[in-house]
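Trainee: So that you have it, the file is target-v2.txt, and it contains compact mmCIF, C-alpha atoms:
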```txt
# COMPACT_ATOMS: atom_id res chain seq x y z
CA MET L 1 60.30 -7.55 -27.18
CA LEU L 2 56.84 -7.14 -28.68
CA HIS L 3 53.67 -6.83 -26.61
CA PRO L 4 51.10 -9.66 -27.21
CA GLN L 5 48.55 -7.15 -28.60
CA GLN L 6 51.06 -5.98 -31.18
CA ILE L 7 51.49 -9.55 -32.43
CA CYS L 8 47.78 -10.28 -32.90
CA PRO L 9 45.55 -7.20 -32.56
CA SER L 10 42.55 -8.92 -34.16
CA ARG L 11 42.60 -11.69 -31.55
CA ALA L 12 42.65 -9.18 -28.67
CA SER L 13 39.69 -7.30 -30.15
CA ARG L 14 37.79 -10.60 -30.55
CA VAL L 15 38.40 -11.41 -26.87
CA VAL L 16 37.09 -7.98 -25.84
CA LYS L 17 34.01 -8.38 -28.07
CA LEU L 18 33.36 -11.88 -26.73
CA THR L 19 33.65 -10.64 -23.14
CA ARG L 20 31.15 -7.84 -23.84
CA LEU L 21 28.76 -10.29 -25.51
CA ILE L 22 28.90 -12.68 -22.55
CA THR L 23 28.33 -9.82 -20.10
CA LEU L 24 25.35 -8.54 -22.10
CA THR L 25 23.87 -12.05 -22.36
CA LEU L 26 24.13 -12.54 -18.59
CA PHE L 27 22.56 -9.13 -17.95
CA VAL L 28 19.60 -9.83 -20.28
CA SER L 29 19.12 -13.27 -18.72
CA LEU L 30 19.02 -11.78 -15.22
CA ILE L 31 16.45 -9.19 -16.28
CA GLY L 32 14.28 -11.92 -17.81
CA PHE L 33 14.56 -14.04 -14.66
CA SER L 34 13.62 -11.06 -12.45
CA ALA L 35 10.59 -10.25 -14.62
CA ALA L 36 9.38 -13.86 -14.53
CA LYS L 37 9.77 -13.96 -10.74
CA ALA L 38 7.84 -10.68 -10.35
CA GLN L 39 5.03 -11.95 -12.58
CA THR L 40 4.72 -15.13 -10.49
CA SER L 41 4.46 -13.14 -7.25
CA ASP L 42 1.85 -10.79 -8.82
CA SER L 43 -0.41 -13.72 -9.72
CA ALA L 44 -0.08 -15.20 -6.21
CA THR L 45 -1.06 -11.84 -4.68
CA THR L 46 -4.06 -11.52 -7.00
CA ASP L 47 -5.18 -15.03 -6.06
CA ARG L 48 -5.03 -14.16 -2.34
CA ALA L 49 -7.06 -10.94 -2.89
CA MET L 50 -9.68 -12.80 -4.96
CA GLU L 51 -10.06 -15.46 -2.26
CA LYS L 52 -10.67 -12.73 0.31
CA ALA L 53 -13.23 -10.95 -1.90
CA SER L 54 -15.11 -14.17 -2.68
CA LEU L 55 -15.96 -14.61 1.02
CA ARG L 56 -18.09 -11.43 1.07
CA THR L 57 -21.79 -11.19 0.29
CA TYR L 58 -23.21 -8.12 -1.45
CA PRO L 59 -26.69 -6.70 -0.72
CA GLU L 60 -27.50 -5.26 -4.18
CA LYS L 61 -27.87 -6.71 -7.65
CA VAL L 62 -25.22 -5.74 -10.20
CA PRO L 63 -26.57 -3.11 -12.64
CA ASP L 64 -27.13 -4.38 -16.19
CA ASP L 65 -25.30 -1.41 -17.71
CA PRO L 66 -21.51 -2.01 -17.35
CA PHE L 67 -20.79 1.74 -17.33
CA LYS L 68 -23.16 2.33 -14.38
CA ALA L 69 -21.84 -0.75 -12.61
CA ARG L 70 -18.29 0.65 -12.64
CA LEU L 71 -19.12 4.23 -11.62
CA ILE L 72 -17.41 5.65 -8.54
CA PRO L 73 -19.55 8.67 -7.59
CA ARG L 74 -17.88 11.83 -6.33
CA ASN L 75 -17.60 11.98 -2.50
CA SER L 76 -18.14 8.24 -2.07
CA LYS L 77 -16.86 6.82 1.19
CA ILE L 78 -13.86 4.58 0.69
CA TYR L 79 -12.00 2.27 3.04
CA ILE L 80 -8.36 1.34 2.34
CA ALA L 81 -7.78 -2.25 3.47
CA PRO L 82 -4.36 -3.34 4.73
CA MET L 83 -2.28 -4.06 1.66
CA LEU L 84 -0.72 -7.43 1.05
CA SER L 85 2.96 -7.83 0.30
CA GLU L 86 3.98 -9.36 -3.01
CA ASP L 87 6.60 -11.34 -1.09
CA PRO L 88 4.91 -14.49 0.32
CA SER L 89 7.33 -14.57 3.27
CA ASN L 90 6.18 -11.09 4.36
CA PRO L 91 2.35 -11.10 4.62
CA GLN L 92 1.77 -7.35 4.86
CA ALA L 93 3.16 -4.46 2.80
CA GLN L 94 5.19 -1.79 4.52
CA GLY L 95 2.50 0.81 5.27
CA PHE L 96 1.39 1.28 1.68
CA GLU L 97 -2.16 2.14 2.84
CA THR L 98 -0.78 5.29 4.45
CA TYR L 99 1.08 6.27 1.28
CA LEU L 100 -2.10 5.68 -0.74
CA ALA L 101 -4.28 7.73 1.65
CA ALA L 102 -1.77 10.61 1.49
CA ALA L 103 -1.65 10.36 -2.32
CA LEU L 104 -5.46 10.48 -2.57
CA ARG L 105 -5.40 13.73 -0.54
CA LYS L 106 -2.44 15.20 -2.43
CA LYS L 107 -4.00 14.52 -5.84
CA ASP L 108 -7.42 15.82 -4.67
CA VAL L 109 -9.25 12.60 -5.51
CA PRO L 110 -12.91 13.38 -4.64
CA LEU L 111 -13.40 10.51 -2.16
CA LEU L 112 -13.97 10.47 1.60
CA ILE L 113 -11.56 8.09 3.32
CA VAL L 114 -13.15 6.32 6.30
CA ALA L 115 -11.41 4.31 9.01
CA ASN L 116 -14.16 1.70 9.34
CA GLN L 117 -15.14 -0.64 6.50
CA SER L 118 -18.78 -0.74 7.67
CA GLN L 119 -19.12 2.98 6.80
CA ALA L 120 -17.68 2.59 3.29
CA ASP L 121 -19.31 2.41 -0.15
CA PHE L 122 -16.08 1.11 -1.73
CA ILE L 123 -12.98 -0.68 -0.53
CA ILE L 124 -9.48 -0.47 -1.96
CA GLU L 125 -7.58 -3.75 -1.80
CA GLY L 126 -4.25 -4.60 -3.29
CA SER L 127 -0.60 -5.28 -2.80
CA ALA L 128 2.66 -3.41 -2.74
CA ASP L 129 6.33 -4.17 -2.44
CA LYS L 130 9.71 -2.55 -2.73
CA LYS L 131 12.92 -4.32 -3.51
CA ALA L 132 16.53 -3.25 -3.55
CA GLY L 133 18.19 -3.17 -6.93
CA GLY L 134 19.83 -6.41 -8.02
CA TRP L 135 23.57 -6.68 -8.39
CA ALA L 136 23.39 -6.44 -12.21
CA LYS L 137 21.48 -3.14 -12.00
CA LYS L 138 24.01 -1.79 -9.52
CA VAL L 139 27.14 -3.01 -11.32
CA PHE L 140 26.23 -2.38 -14.94
CA LEU L 141 23.94 0.64 -14.63
CA GLY L 142 25.26 2.20 -11.42
CA ASP L 143 21.63 2.50 -10.27
CA PHE L 144 21.14 1.87 -6.54
CA ARG L 145 17.50 3.03 -6.38
CA LYS L 146 14.85 0.56 -5.21
CA SER L 147 12.18 -0.83 -7.48
CA THR L 148 8.57 -0.60 -6.33
CA SER L 149 5.42 -2.26 -7.51
CA ALA L 150 1.84 -1.84 -6.36
CA SER L 151 -1.59 -2.82 -7.53
CA MET L 152 -5.06 -1.95 -6.32
CA ALA L 153 -8.68 -2.77 -6.98
CA VAL L 154 -11.59 -0.50 -6.02
CA ILE L 155 -14.54 -2.76 -5.18
CA ASN L 156 -18.14 -1.64 -4.75
CA LEU L 157 -19.23 -3.02 -1.36
CA ARG L 158 -22.91 -3.02 -2.36
CA THR L 159 -22.62 -4.96 -5.62
CA GLY L 160 -19.20 -6.63 -5.55
CA VAL L 161 -18.23 -5.04 -8.87
CA VAL L 162 -14.57 -4.17 -9.34
CA ALA L 163 -15.13 -0.56 -10.35
CA TYR L 164 -11.48 0.14 -11.10
CA ALA L 165 -8.14 -1.65 -11.02
CA ASP L 166 -4.62 -0.48 -11.81
CA SER L 167 -0.99 -1.27 -11.13
CA SER L 168 2.26 0.60 -10.97
CA ASP L 169 5.72 -0.85 -11.51
CA ARG L 170 8.65 1.51 -11.10
CA SER L 171 12.07 0.00 -11.67
CA SER L 172 13.96 3.01 -10.27
CA ALA L 173 11.67 4.86 -7.88
CA ASN L 174 13.25 7.97 -6.36
CA ARG L 175 10.61 8.17 -3.63
CA GLY L 176 9.91 4.47 -3.18
CA LEU L 177 6.32 3.39 -2.53
CA ARG L 178 5.19 7.01 -2.46
CA SER L 179 5.81 7.24 -6.24
CA SER L 180 3.60 4.21 -6.91
CA ALA L 181 0.85 5.49 -4.59
CA GLU L 182 0.76 8.88 -6.32
CA LYS L 183 0.56 7.27 -9.76
CA LEU L 184 -2.36 5.08 -8.68
CA ALA L 185 -4.19 8.06 -7.12
CA LYS L 186 -3.65 10.21 -10.22
CA TYR L 187 -5.16 7.62 -12.55
CA LEU L 188 -8.09 6.89 -10.20
CA LYS L 189 -8.95 10.60 -10.23
CA ARG L 190 -8.68 10.68 -14.03
CA LYS L 191 -11.05 7.68 -14.30
CA MET L 192 -13.62 9.40 -12.07
CA GLU L 193 -13.41 12.67 -14.03
CA ASP L 194 -13.70 10.86 -17.37
CA ASP L 195 -16.78 8.98 -16.15
CA GLU L 196 -18.40 12.25 -15.02
CA LYS L 197 -17.86 13.74 -18.49
CA LYS L 198 -19.44 10.69 -20.15
CA GLN L 199 -22.53 11.04 -17.97
CA HIS L 200 -23.25 14.58 -19.20
```
Would you mind writing the structure in this file as structure tokens?
Mentor:
Amino acid sequence: MLHPQQICPSRASRVVKLTRLITLTLFVSLIGFSAAKAQTSDSATTDRAMEKASLRTYPEKVPDDPFKARLIPRNSKIYIAPMLSEDPSNPQAQGFETYLAAALRKKDVPLLIVANQSQADFIIEGSADKKAGGWAKKVFLGDFRKSTSASMAVINLRTGVVAYADSSDRSSANRGLRSSAEKLAKYLKRKMEDDEKKQH
């Protein structure tokens, strides 16, 4: 008796190809859905941060020169506000301020971190979140690492100018939120050093 694949090998290969195509289509659809969901939560977090910032009053006029307005001088005092979560059901991130403070020290960012906002020249506000890998990532890629995302804005407390803003999105973060915090600190330091070079 003949095996069914021996009777019609082209049909069996078409079934295998069709199965692979369906699997790939589902995987791509899930990635697109996840990205759209993440983008929606990012905009909601930004809206909450902007509402908070709009309630403040600033004692100084914004400098006319945009470069001077966005300067973060070396050894400025900075306060790290409690970070929001990107998940609306969880209002506060899981200790991201601590990761960010440690990253600023580790990367030797020339800022003085203060514990009281009234002592600060600048404030860092933002959001952070970590999520477990989705089933598609685990099944198809065998990747069980968490994804992390974080964003921050450095705001001048005298003028209200957003001196710097950045975000980090790591789809497979080995060290979780710590990886995002270190990336943000590294690029903040680079911005400050680049600005110092432009001044001279």
Trainee: If we count all atoms listed in the file, what is near Gln119 (chain L) at a cut-off of 10 Å, once residues fewer than 5 positions away on the same chain are taken out, given as an mmCIF file with C-alpha atoms, in the coordinates of the input?
Mentor:
```
data_model
loop_
_atom_site.group_PDB
_atom_site.id
_atom_site.type_symbol
_atom_site.label_atom_id
_atom_site.label_comp_id
_atom_site.auth_asym_id
_atom_site.auth_seq_id
_atom_site.Cartn_x
_atom_site.Cartn_y
_atom_site.Cartn_z
ATOM 1 C CA LYS L 77 -16.860 6.820 1.190
ATOM 2 C CA ILE L 78 -13.860 4.580 0.690
ATOM 3 C CA TYR L 79 -12.000 2.270 3.040
ATOM 4 C CA ILE L 113 -11.560 8.090 3.320
ATOM 5 C CA VAL L 114 -13.150 6.320 6.300
#
```
Trainee: Between L:Arg158, L:Lys191, L:Lys17, L:Lys130, single out the one closest to Ser179 (chain L), counting all atoms listed in the file.
Mentor: L:Lys130
Trainee: So how many Å separate CA of Lys68 (chain L) and CA of Ala120 (chain L), to one decimal?
Mentor: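 Going from CA of Lys68 (chain L) over to CA of Ala120 (chain L), I get 18.5 Å.
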Trainee: Could you jot down the CA of Ile72 (chain L) to CA of Met192 (chain L) separation for me, Å, one decimal place?
Mentor: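 Computed distance, CA of Ile72 (chain L) to CA of Met192 (chain L), equals 6.4 Å.
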Trainee: Taking 6 positions as the minimum chain separation for residues in the same chain, which residues sit within 10 Å of Thr159 (chain L) when counting only C-alpha atoms? Answer as number ranges by chain.
Mentor: L: 57-63, 69-70, 121-122
Trainee: Since we have the selection now, will you write its residues out, keeping C-alpha atoms, as a short mmCIF file (atom, residue, chain, number, x, y, z; two decimals), keeping the file's coordinate frame?
Mentor:
```
data_model
loop_
_atom_site.label_atom_id
_atom_site.label_comp_id
_atom_site.auth_asym_id
_atom_site.auth_seq_id
_atom_site.Cartn_x
_atom_site.Cartn_y
_atom_site.Cartn_z
CA THR L 57 -21.79 -11.19 0.29
CA TYR L 58 -23.21 -8.12 -1.45
CA PRO L 59 -26.69 -6.70 -0.72
CA GLU L 60 -27.50 -5.26 -4.18
CA LYS L 61 -27.87 -6.71 -7.65
CA VAL L 62 -25.22 -5.74 -10.20
CA PRO L 63 -26.57 -3.11 -12.64
CA ALA L 69 -21.84 -0.75 -12.61
CA ARG L 70 -18.29 0.65 -12.64
CA ASP L 121 -19.31 2.41 -0.15
CA PHE L 122 -16.08 1.11 -1.73
#
```
Trainee: Considering all atoms listed in the file, state which residue in the set L:Ala101, L:Leu184, L:Ala128, L:Val15 is at the smallest distance from Leu84 (chain L).
Mentor: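 Of all the options, L:Ala128 lies closest to Leu84 (chain L).
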Trainee: Could you tell me which of L:Ser127, L:Lys107, L:Ile155, L:Asp65 comes closest to Pro82 (chain L) if we count all atoms listed in the file?
Mentor: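 Answer, going by the shortest atom-to-atom distance: L:Ser127.
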Trainee: Go ahead and find all residues with at least one atom no further than 12 Å from (-5.0, 1.9, 4.7) in the file's coordinates, using all atoms listed in the file; report them as an MDAnalysis selection string.
Mentor: chainID L and resid 78:84 92:104 113:117 123:128 152 181
Trainee: Report, in Å to a single decimal, how far apart CA of Asp166 (chain L) and CA of His200 (chain L) are.
Mentor: 25.1 Å
Trainee: I need the residue nearest Ala185 (chain L) from this list: L:Asp129, L:Leu157, L:Asp87, L:Ala165. Use only C-alpha atoms for the distance.
Mentor: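 Using only C-alpha atoms, the shortest distance to Ala185 (chain L) belongs to L:Ala165.
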Trainee: Between L:Arg190, L:Ala150, L:Ser180, L:Asp64, which has the minimum distance to Ser85 (chain L) (counting all atoms listed in the file)?
Mentor: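 Closest to Ser85 (chain L) of all the choices is L:Ala150.
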Trainee: Could you tell me which of L:Leu188, L:Lys183, L:Thr23, L:Asp169 comes closest to Ala153 (chain L) if we count all atoms listed in the file?
Mentor: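 Between L:Leu188, L:Lys183, L:Thr23, L:Asp169, the residue approaching Ala153 (chain L) most closely is L:Leu188.
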Trainee: Since the input lacks some atoms of region 101-118 of chain L, please model N, CA and C atoms and print them as a short mmCIF file (atom, residue, chain, number, x, y, z; two decimals), keeping the file's coordinate frame.
Mentor:
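Writing done, so here's rebuild-v5.cif:
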```cif
data_model
loop_
_atom_site.label_atom_id
_atom_site.label_comp_id
_atom_site.auth_asym_id
_atom_site.auth_seq_id
_atom_site.Cartn_x
_atom_site.Cartn_y
_atom_site.Cartn_z
N ALA L 101 -3.38 6.72 1.08
CA ALA L 101 -4.28 7.73 1.65
C ALA L 101 -3.71 9.13 1.45
N ALA L 102 -2.42 9.30 1.68
CA ALA L 102 -1.77 10.61 1.49
C ALA L 102 -1.82 11.02 0.02
N ALA L 103 -1.62 10.06 -0.88
CA ALA L 103 -1.65 10.36 -2.32
C ALA L 103 -3.06 10.77 -2.76
N LEU L 104 -4.09 10.11 -2.23
CA LEU L 104 -5.46 10.48 -2.57
C LEU L 104 -5.75 11.93 -2.15
N ARG L 105 -5.23 12.33 -1.00
CA ARG L 105 -5.40 13.73 -0.54
C ARG L 105 -4.59 14.68 -1.42
N LYS L 106 -3.33 14.32 -1.66
CA LYS L 106 -2.44 15.20 -2.43
C LYS L 106 -2.96 15.45 -3.84
N LYS L 107 -3.50 14.41 -4.46
CA LYS L 107 -4.00 14.52 -5.84
C LYS L 107 -5.45 14.99 -5.90
N ASP L 108 -6.03 15.33 -4.75
CA ASP L 108 -7.42 15.82 -4.67
C ASP L 108 -8.42 14.87 -5.31
N VAL L 109 -8.29 13.59 -5.02
CA VAL L 109 -9.25 12.60 -5.51
C VAL L 109 -10.52 12.81 -4.70
N PRO L 110 -11.68 13.03 -5.36
CA PRO L 110 -12.91 13.38 -4.64
C PRO L 110 -13.58 12.18 -3.94
N LEU L 111 -12.88 11.63 -2.95
CA LEU L 111 -13.40 10.51 -2.16
C LEU L 111 -13.22 10.84 -0.68
N LEU L 112 -14.09 10.30 0.15
CA LEU L 112 -13.97 10.47 1.60
C LEU L 112 -13.40 9.18 2.17
N ILE L 113 -12.21 9.27 2.75
CA ILE L 113 -11.56 8.09 3.32
C ILE L 113 -12.11 7.87 4.72
N VAL L 114 -12.61 6.66 4.97
CA VAL L 114 -13.15 6.32 6.30
C VAL L 114 -12.27 5.25 6.93
N ALA L 115 -12.27 5.24 8.27
CA ALA L 115 -11.41 4.31 9.01
C ALA L 115 -12.11 2.99 9.31
N ASN L 116 -13.41 2.90 9.03
CA ASN L 116 -14.16 1.70 9.34
C ASN L 116 -14.83 1.18 8.07
N GLN L 117 -14.60 -0.06 7.74
CA GLN L 117 -15.14 -0.64 6.50
C GLN L 117 -16.67 -0.62 6.47
N SER L 118 -17.31 -0.72 7.64
CA SER L 118 -18.78 -0.74 7.67
C SER L 118 -19.39 0.59 7.23
#
```
